[in-house]
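run_21.txt, holding compact mmCIF, C-alpha atoms:
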# COMPACT_ATOMS: atom_id res chain seq x y z
CA MET A 1 -102.33 -64.65 -67.31
CA GLU A 2 -105.66 -63.04 -68.16
CA LYS A 3 -106.09 -62.09 -71.82
CA LEU A 4 -108.24 -59.09 -72.61
CA ALA A 5 -111.14 -59.40 -75.03
CA LEU A 6 -112.68 -56.51 -76.94
CA ASP A 7 -116.21 -57.57 -75.93
CA ASP A 8 -115.28 -57.56 -72.24
CA THR A 9 -117.80 -55.00 -70.91
CA PRO A 10 -116.04 -54.27 -67.57
CA TRP A 11 -112.98 -53.22 -69.56
CA PHE A 12 -114.36 -51.64 -72.73
CA GLY A 13 -118.11 -51.19 -72.25
CA THR A 14 -117.91 -47.38 -72.49
CA THR A 15 -114.85 -47.10 -74.74
CA ASP A 16 -115.49 -45.19 -77.94
CA PHE A 17 -113.43 -43.33 -80.53
CA LYS A 18 -113.65 -42.16 -84.12
CA GLY A 19 -113.31 -45.10 -86.50
CA LYS A 20 -114.22 -47.82 -84.00
CA ASN A 21 -117.25 -49.03 -85.98
CA LYS A 22 -115.20 -49.39 -89.19
CA LEU A 23 -112.12 -50.89 -87.57
CA ASN A 24 -110.18 -53.47 -89.59
CA ARG A 25 -106.63 -54.80 -89.86
CA ASP A 26 -105.71 -52.07 -92.33
CA SER A 27 -106.96 -49.26 -90.09
CA ASP A 28 -104.63 -46.48 -88.97
CA ILE A 29 -106.35 -44.77 -86.04
CA ARG A 30 -105.57 -41.33 -84.61
CA LEU A 31 -106.53 -40.60 -80.99
CA LYS A 32 -106.61 -37.06 -79.66
CA SER A 33 -105.44 -36.24 -76.14
CA SER A 34 -107.34 -34.07 -73.68
CA ARG A 35 -104.86 -31.37 -72.71
CA LEU A 36 -106.61 -29.57 -69.84
CA LEU A 37 -104.46 -31.37 -67.24
CA TYR A 38 -101.13 -30.79 -68.98
CA PRO A 39 -98.63 -29.32 -66.48
CA LEU A 40 -97.56 -25.69 -66.78
CA PRO A 41 -94.77 -23.71 -65.07
CA LEU A 42 -95.36 -23.36 -61.33
CA PRO A 43 -96.34 -19.63 -61.38
CA SER A 44 -98.99 -20.35 -64.00
CA GLU A 45 -100.23 -23.40 -62.08
CA LEU A 46 -100.67 -21.31 -58.94
CA LEU A 47 -102.48 -18.59 -60.88
CA PHE A 48 -104.93 -21.09 -62.38
CA PHE A 49 -105.53 -22.55 -58.92
CA ILE A 50 -105.84 -19.40 -56.82
CA GLY A 51 -107.67 -17.22 -59.37
CA PRO A 52 -110.84 -19.31 -59.93
CA LEU A 53 -110.96 -20.38 -56.29
CA THR A 54 -110.79 -16.75 -55.12
CA LEU A 55 -113.61 -15.73 -57.46
CA ALA A 56 -115.67 -18.71 -56.26
CA ILE A 57 -115.51 -17.76 -52.56
CA LEU A 58 -115.43 -13.95 -52.84
CA PRO A 59 -119.22 -13.51 -53.29
CA PHE A 60 -119.73 -15.28 -49.95
CA ILE A 61 -117.08 -13.25 -48.15
CA ASN A 62 -118.17 -9.84 -49.41
CA PRO A 63 -121.41 -10.08 -51.43
CA SER A 64 -121.97 -6.31 -51.26
CA LEU A 65 -118.77 -5.65 -53.19
CA MET A 66 -120.67 -5.83 -56.49
CA PRO A 67 -124.30 -6.31 -57.57
CA PRO A 68 -125.40 -9.85 -58.51
CA GLU A 69 -125.33 -9.08 -62.22
CA ALA A 70 -121.70 -8.00 -61.98
CA TRP A 71 -120.72 -11.13 -60.02
CA LEU A 72 -122.37 -13.36 -62.60
CA THR A 73 -120.78 -11.53 -65.53
CA LEU A 74 -117.36 -11.66 -63.87
CA ASN A 75 -117.61 -15.38 -63.17
CA ILE A 76 -118.73 -16.25 -66.69
CA ALA A 77 -115.93 -14.14 -68.14
CA ALA A 78 -113.46 -15.83 -65.78
CA LEU A 79 -114.57 -19.30 -66.93
CA PHE A 80 -114.06 -18.48 -70.59
CA GLY A 81 -110.84 -16.63 -69.80
CA TYR A 82 -109.53 -19.62 -67.85
CA LEU A 83 -110.13 -22.04 -70.73
CA ILE A 84 -108.78 -19.73 -73.44
CA LEU A 85 -105.68 -18.64 -71.53
CA LYS A 86 -104.84 -22.19 -70.48
CA LYS A 87 -105.23 -23.43 -74.05
CA LEU A 88 -102.88 -20.69 -75.28
CA LEU A 89 -100.25 -21.50 -72.65
CA ILE A 90 -100.42 -25.25 -73.29
CA THR A 91 -100.12 -24.65 -77.02
CA SER A 92 -97.08 -22.42 -76.52
CA ILE A 93 -95.32 -25.15 -74.51
CA TYR A 94 -96.49 -28.39 -76.15
CA GLY A 95 -97.50 -27.30 -79.63
CA ARG A 96 -100.89 -27.35 -81.30
CA GLY A 97 -103.43 -29.98 -80.41
CA LYS A 98 -103.06 -31.78 -83.73
CA LYS A 99 -99.51 -32.67 -82.69
CA GLN A 100 -100.67 -34.27 -79.43
CA VAL A 101 -102.09 -37.33 -81.14
CA CYS A 102 -101.47 -41.04 -80.64
CA GLN A 103 -101.59 -43.04 -83.86
CA ILE A 104 -101.65 -46.81 -84.11
CA ASN A 105 -101.98 -49.56 -86.68
CA THR A 106 -101.04 -53.22 -86.88
CA GLU A 107 -97.34 -52.48 -87.46
CA ARG A 108 -96.42 -49.43 -85.39
CA LEU A 109 -97.40 -47.09 -82.58
CA CYS A 110 -96.75 -43.35 -82.80
CA ILE A 111 -96.95 -41.14 -79.70
CA PRO A 112 -96.28 -37.40 -79.22
CA GLY A 113 -92.97 -36.67 -77.53
CA SER A 114 -92.74 -34.02 -74.82
CA ARG A 115 -91.61 -33.59 -71.24
CA LEU A 116 -94.71 -35.58 -70.26
CA ILE A 117 -92.73 -38.71 -71.15
CA ASP A 118 -89.27 -37.19 -70.66
CA THR A 119 -88.50 -36.89 -74.36
CA LYS A 120 -87.99 -34.09 -76.86
CA ALA A 121 -91.00 -32.69 -78.67
CA GLY A 122 -92.04 -34.41 -81.85
CA PRO A 123 -93.61 -37.69 -82.91
CA ILE A 124 -92.05 -40.92 -81.63
CA GLU A 125 -92.65 -43.88 -83.91
CA ILE A 126 -92.29 -47.34 -82.36
CA GLN A 127 -92.41 -50.46 -84.49
CA LYS A 128 -94.46 -53.30 -83.05
CA GLN A 129 -91.55 -55.73 -83.21
CA ALA A 130 -89.44 -53.29 -81.16
CA ILE A 131 -91.87 -53.54 -78.22
CA LYS A 132 -90.98 -56.14 -75.61
CA GLN A 133 -94.15 -55.68 -73.58
CA ILE A 134 -96.75 -53.13 -72.53
CA ASP A 135 -97.72 -53.23 -68.85
CA VAL A 136 -101.31 -52.14 -68.21
CA ARG A 137 -101.72 -50.75 -64.70
CA TYR A 138 -105.35 -50.92 -63.63
CA TRP A 139 -107.64 -51.03 -60.62
CA PRO A 140 -111.21 -52.41 -60.34
CA SER A 141 -114.05 -50.09 -59.38
CA THR A 142 -117.42 -51.47 -58.21
CA ARG A 143 -120.64 -49.44 -58.24
CA ASP A 144 -124.19 -50.81 -58.02
CA LEU A 145 -122.80 -54.36 -58.13
CA ARG A 146 -121.07 -53.61 -61.46
CA THR A 147 -117.31 -53.78 -61.76
CA THR A 148 -115.31 -51.73 -64.23
CA TYR A 149 -111.57 -51.47 -64.67
CA ASP A 150 -109.87 -48.08 -64.56
CA VAL A 151 -106.53 -47.92 -66.37
CA SER A 152 -104.05 -45.42 -64.97
CA GLU A 153 -100.87 -46.10 -66.96
CA LEU A 154 -99.42 -47.93 -69.91
CA ILE A 155 -95.73 -48.77 -69.48
CA ILE A 156 -94.15 -49.49 -72.87
CA THR A 157 -90.90 -51.43 -72.56
CA LEU A 158 -88.80 -51.69 -75.70
CA GLU A 159 -86.40 -54.47 -76.66
CA SER A 160 -83.62 -51.90 -76.20
CA GLY A 161 -84.55 -51.59 -72.52
CA GLN A 162 -86.06 -48.11 -72.83
CA SER A 163 -89.31 -47.57 -70.97
CA ILE A 164 -92.05 -45.03 -71.77
CA CYS A 165 -94.89 -44.30 -69.35
CA LEU A 166 -98.21 -43.03 -70.71
CA LYS A 167 -100.45 -41.69 -67.94
CA SER A 168 -104.23 -41.46 -68.19
CA LEU A 169 -104.03 -37.79 -67.21
CA TYR A 170 -102.38 -36.91 -70.49
CA PHE A 171 -103.13 -39.67 -73.02
CA PRO A 172 -106.28 -41.42 -74.34
CA ILE A 173 -105.44 -44.59 -72.43
CA LYS A 174 -108.65 -46.62 -72.74
CA PRO A 175 -109.12 -46.23 -76.53
CA LEU A 176 -105.41 -46.86 -76.98
CA LEU A 177 -105.61 -50.04 -74.91
CA TYR A 178 -108.59 -51.19 -76.96
CA LEU A 179 -106.53 -50.79 -80.13
CA LEU A 180 -103.47 -52.45 -78.62
CA VAL A 181 -105.62 -55.47 -77.91
CA TYR A 182 -107.20 -55.36 -81.37
CA PHE A 183 -103.84 -55.20 -83.14
CA ASP A 184 -102.41 -57.89 -80.85
CA TYR A 185 -99.61 -55.95 -79.17
CA PRO A 186 -97.81 -57.75 -76.28
CA ILE A 187 -99.80 -56.80 -73.17
CA THR A 188 -99.46 -57.77 -69.52
CA LEU A 189 -101.76 -56.70 -66.69
CA GLN A 190 -100.66 -55.17 -63.39
CA LYS A 191 -103.27 -54.62 -60.70
CA ARG A 192 -102.19 -51.40 -59.02
CA ARG A 193 -104.00 -48.47 -57.42
CA HIS A 194 -103.84 -45.03 -58.96
CA SER A 195 -100.83 -43.17 -57.63
CA LEU A 196 -101.45 -40.31 -55.20
CA ALA A 197 -99.75 -37.99 -57.69
CA ILE A 198 -102.45 -38.70 -60.28
CA VAL A 199 -105.25 -38.12 -57.77
CA ALA A 200 -103.63 -34.95 -56.39
CA ARG A 201 -103.02 -33.57 -59.88
CA SER A 202 -106.63 -34.15 -60.90
CA LEU A 203 -107.94 -32.44 -57.77
CA PHE A 204 -105.49 -29.56 -58.07
CA VAL A 205 -106.70 -28.71 -61.57
CA ALA A 206 -110.36 -29.62 -61.28
CA PHE A 207 -111.35 -28.29 -57.84
CA PRO A 208 -111.04 -24.51 -58.49
CA LEU A 209 -112.75 -24.81 -61.86
CA VAL A 210 -115.60 -26.95 -60.48
CA ALA A 211 -116.03 -24.52 -57.58
CA LEU A 212 -116.26 -21.56 -59.94
CA VAL A 213 -118.78 -23.34 -62.19
CA ALA A 214 -120.89 -24.31 -59.15
CA VAL A 215 -120.92 -20.78 -57.75
CA THR A 216 -121.77 -19.31 -61.16
CA GLY A 217 -124.74 -21.66 -61.44
CA LEU A 218 -125.80 -20.84 -57.89
CA LEU A 219 -125.66 -17.09 -58.56
CA PHE A 220 -127.73 -17.48 -61.72
CA LYS A 221 -130.33 -19.61 -59.92
CA GLU A 222 -130.46 -17.33 -56.87
CA TYR A 223 -130.90 -14.02 -58.63
CA PHE A 224 -132.33 -14.74 -62.07
CA LEU A 225 -134.63 -17.78 -61.73
Encoded form (structure tokens):
Amino acid sequence: MEKLALDDTPWFGTTDFKGKNKLNRDSDIRLKSSRLLYPLPLPSELLFFIGPLTLAILPFINPSLMPPEAWLTLNIAALFGYLILKKLLITSIYGRGKKQVCQINTERLCIPGSRLIDTKAGPIEIQKQAIKQIDVRYWPSTRDLRTTYDVSELIITLESGQSICLKSLYFPIKPLLYLLVYFDYPITLQKRRHSLAIVARSLFVAFPLVALVAVTGLLFKEYFL
């Protein structure tokens, strides 16, 4: 079975994190999670999808509803409002960002518990010797004759039989994998495409926000440049 190497560019060529350059066997590294994609209650999810998308298309449906300056101001305010309100809601459900941290050293792995991994909130500390194996689910991506490997999930199987799935949507998978290799955790590789749920979730969250950003930039360019 293939064994990962830290200098393997297709796997770790763009992987970076705080403390990487000073990494040693006594290191205890903390990795922050990006929380923008964290799931919210369905009514909130629909609001965050419909609201930005409506603002993005409304200037094209009825441009005479407001002057260009008002459209631009509204869109910019909506962008900041989106990010602030979503951060507040995520914090209210999952706790502050400093609690959503993965921490790893040569002896143990600590991950934040939440409904993302079907556990109660709070840190979950896993000793290295309690881990039977960690399955790395990946898929190769080739662009300009260069192949890179995208990791979608880490499946941690404990000696007790319990299994914990860390998805790339919610956890810093690539830096964590780098450290798992460095600290010699038991890793196996599984070549598997990204699940449709991961792709759909990413599009569901990103599309309205990207559309609103694009329209805001277009309005600014059209009327003020």
> Could you name the residues that touch range 184-193 of chain A at 12 Å or less, counting all atoms listed in the file, but leaving out those on the same chain fewer than 3 positions away, as JSON, numbers by chain?
Replying inline: {"A": [1, 2, 3, 4, 5, 6, 25, 104, 105, 106, 107, 108, 109, 126, 127, 128, 129, 130, 131, 132, 133, 134, 135, 136, 137, 138, 139, 140, 141, 149, 150, 151, 152, 153, 154, 155, 156, 157, 158, 159, 176, 177, 178, 179, 180, 181, 196, 197, 198, 199]}
>> I'd like to know which of A:Leu42, A:Arg146, A:Lys98, A:Leu55 is closest to Thr9 in chain A, using only C-alpha atoms.
In response: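 Smallest distance to Thr9 in chain A is found for A:Arg146.
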> With distances taken over all atoms listed in the file, which of A:Phe183, A:Thr216, A:Lys221, A:Gly19 is nearest to Thr73 in chain A?
Replying inline: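 So, comparing all the options, the nearest one is A:Thr216.
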> Which of these, A:Leu46, A:Ala214, A:Cys165, A:Leu209, has the shortest distance to Leu79 in chain A once you count all atoms listed in the file?
Replying inline: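 That would be A:Leu209, the residue with the smallest distance to Leu79 in chain A.
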> By how many Å are CA of Pro52 in chain A and CA of Ser168 in chain A apart?
Replying inline: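 Rounded to one decimal, the two atoms are 24.5 Å apart.
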Protein and nucleic acid residues near (-104.0, -33.2, -64.5) (cut-off 8 Å, all atoms listed in the file) as a PDB file with C-alpha atoms, in the frame of the given file:
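File produced: point_18.pdb:
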ATOM      1  CA  LEU A  36    -106.610 -29.570 -69.840  1.00  0.00           C
ATOM      2  CA  LEU A  37    -104.460 -31.370 -67.240  1.00  0.00           C
ATOM      3  CA  TYR A  38    -101.130 -30.790 -68.980  1.00  0.00           C
ATOM      4  CA  PRO A  39     -98.630 -29.320 -66.480  1.00  0.00           C
ATOM      5  CA  LEU A 169    -104.030 -37.790 -67.210  1.00  0.00           C
ATOM      6  CA  TYR A 170    -102.380 -36.910 -70.490  1.00  0.00           C
ATOM      7  CA  ILE A 198    -102.450 -38.700 -60.280  1.00  0.00           C
ATOM      8  CA  ARG A 201    -103.020 -33.570 -59.880  1.00  0.00           C
ATOM      9  CA  SER A 202    -106.630 -34.150 -60.900  1.00  0.00           C
ATOM     10  CA  LEU A 203    -107.940 -32.440 -57.770  1.00  0.00           C
ATOM     11  CA  PHE A 204    -105.490 -29.560 -58.070  1.00  0.00           C
ATOM     12  CA  VAL A 205    -106.700 -28.710 -61.570  1.00  0.00           C
ATOM     13  CA  ALA A 206    -110.360 -29.620 -61.280  1.00  0.00           C
TER      14      ALA A 206
END
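Rounded to one decimal, CA of Ser34 in chain A and CA of Pro172 in chain A lie 7.5 Å from each other.
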Neighbours of Pro59 in chain A within 10 Å (only C-alpha atoms; same-chain residues fewer than 6 positions away dropped), as a CSV table (one decimal) with C-alpha atoms, in the frame of the given file?
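Output saved as out-v5.csv:
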chain,number,residue,atom,x,y,z
A,65,LEU,CA,-118.8,-5.6,-53.2
A,66,MET,CA,-120.7,-5.8,-56.5
A,67,PRO,CA,-124.3,-6.3,-57.6
A,68,PRO,CA,-125.4,-9.8,-58.5
A,71,TRP,CA,-120.7,-11.1,-60.0
A,72,LEU,CA,-122.4,-13.4,-62.6
A,215,VAL,CA,-120.9,-20.8,-57.8
A,219,LEU,CA,-125.7,-17.1,-58.6
Which neighbours of Gln100 in chain A fall inside 7 Å, counting all atoms listed in the file, when residues of the same chain fewer than 5 positions from it are skipped, and could you give them as a PDB file with C-alpha atoms, in the frame of the given file?
ATOM      1  CA  LYS A  32    -106.610 -37.060 -79.660  1.00  0.00           C
ATOM      2  CA  SER A  33    -105.440 -36.240 -76.140  1.00  0.00           C
ATOM      3  CA  PRO A 112     -96.280 -37.400 -79.220  1.00  0.00           C
TER       4      PRO A 112
END
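Distance-wise, CA of Lys174 in chain A and CA of Asp144 in chain A end up 21.8 Å apart.
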> When distances are computed from all atoms listed in the file, which of A:Gly113, A:Pro43, A:Gly13, A:Gly161 shows the smallest separation from Pro175 in chain A?
Replying inline: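 Smallest separation from Pro175 in chain A among the options: A:Gly13.
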> Taking into account all atoms listed in the file, which residue in the set A:Thr15, A:Pro63, A:Leu218, A:Ile90 is nearest to Ser114 in chain A?
Replying inline: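 Of all the options, A:Ile90 lies closest to Ser114 in chain A.
Among the candidates A:Phe17, A:Leu116, A:Ile124, A:Ile76, the one nearest to Lys167 in chain A when counting all atoms listed in the file is A:Leu116.
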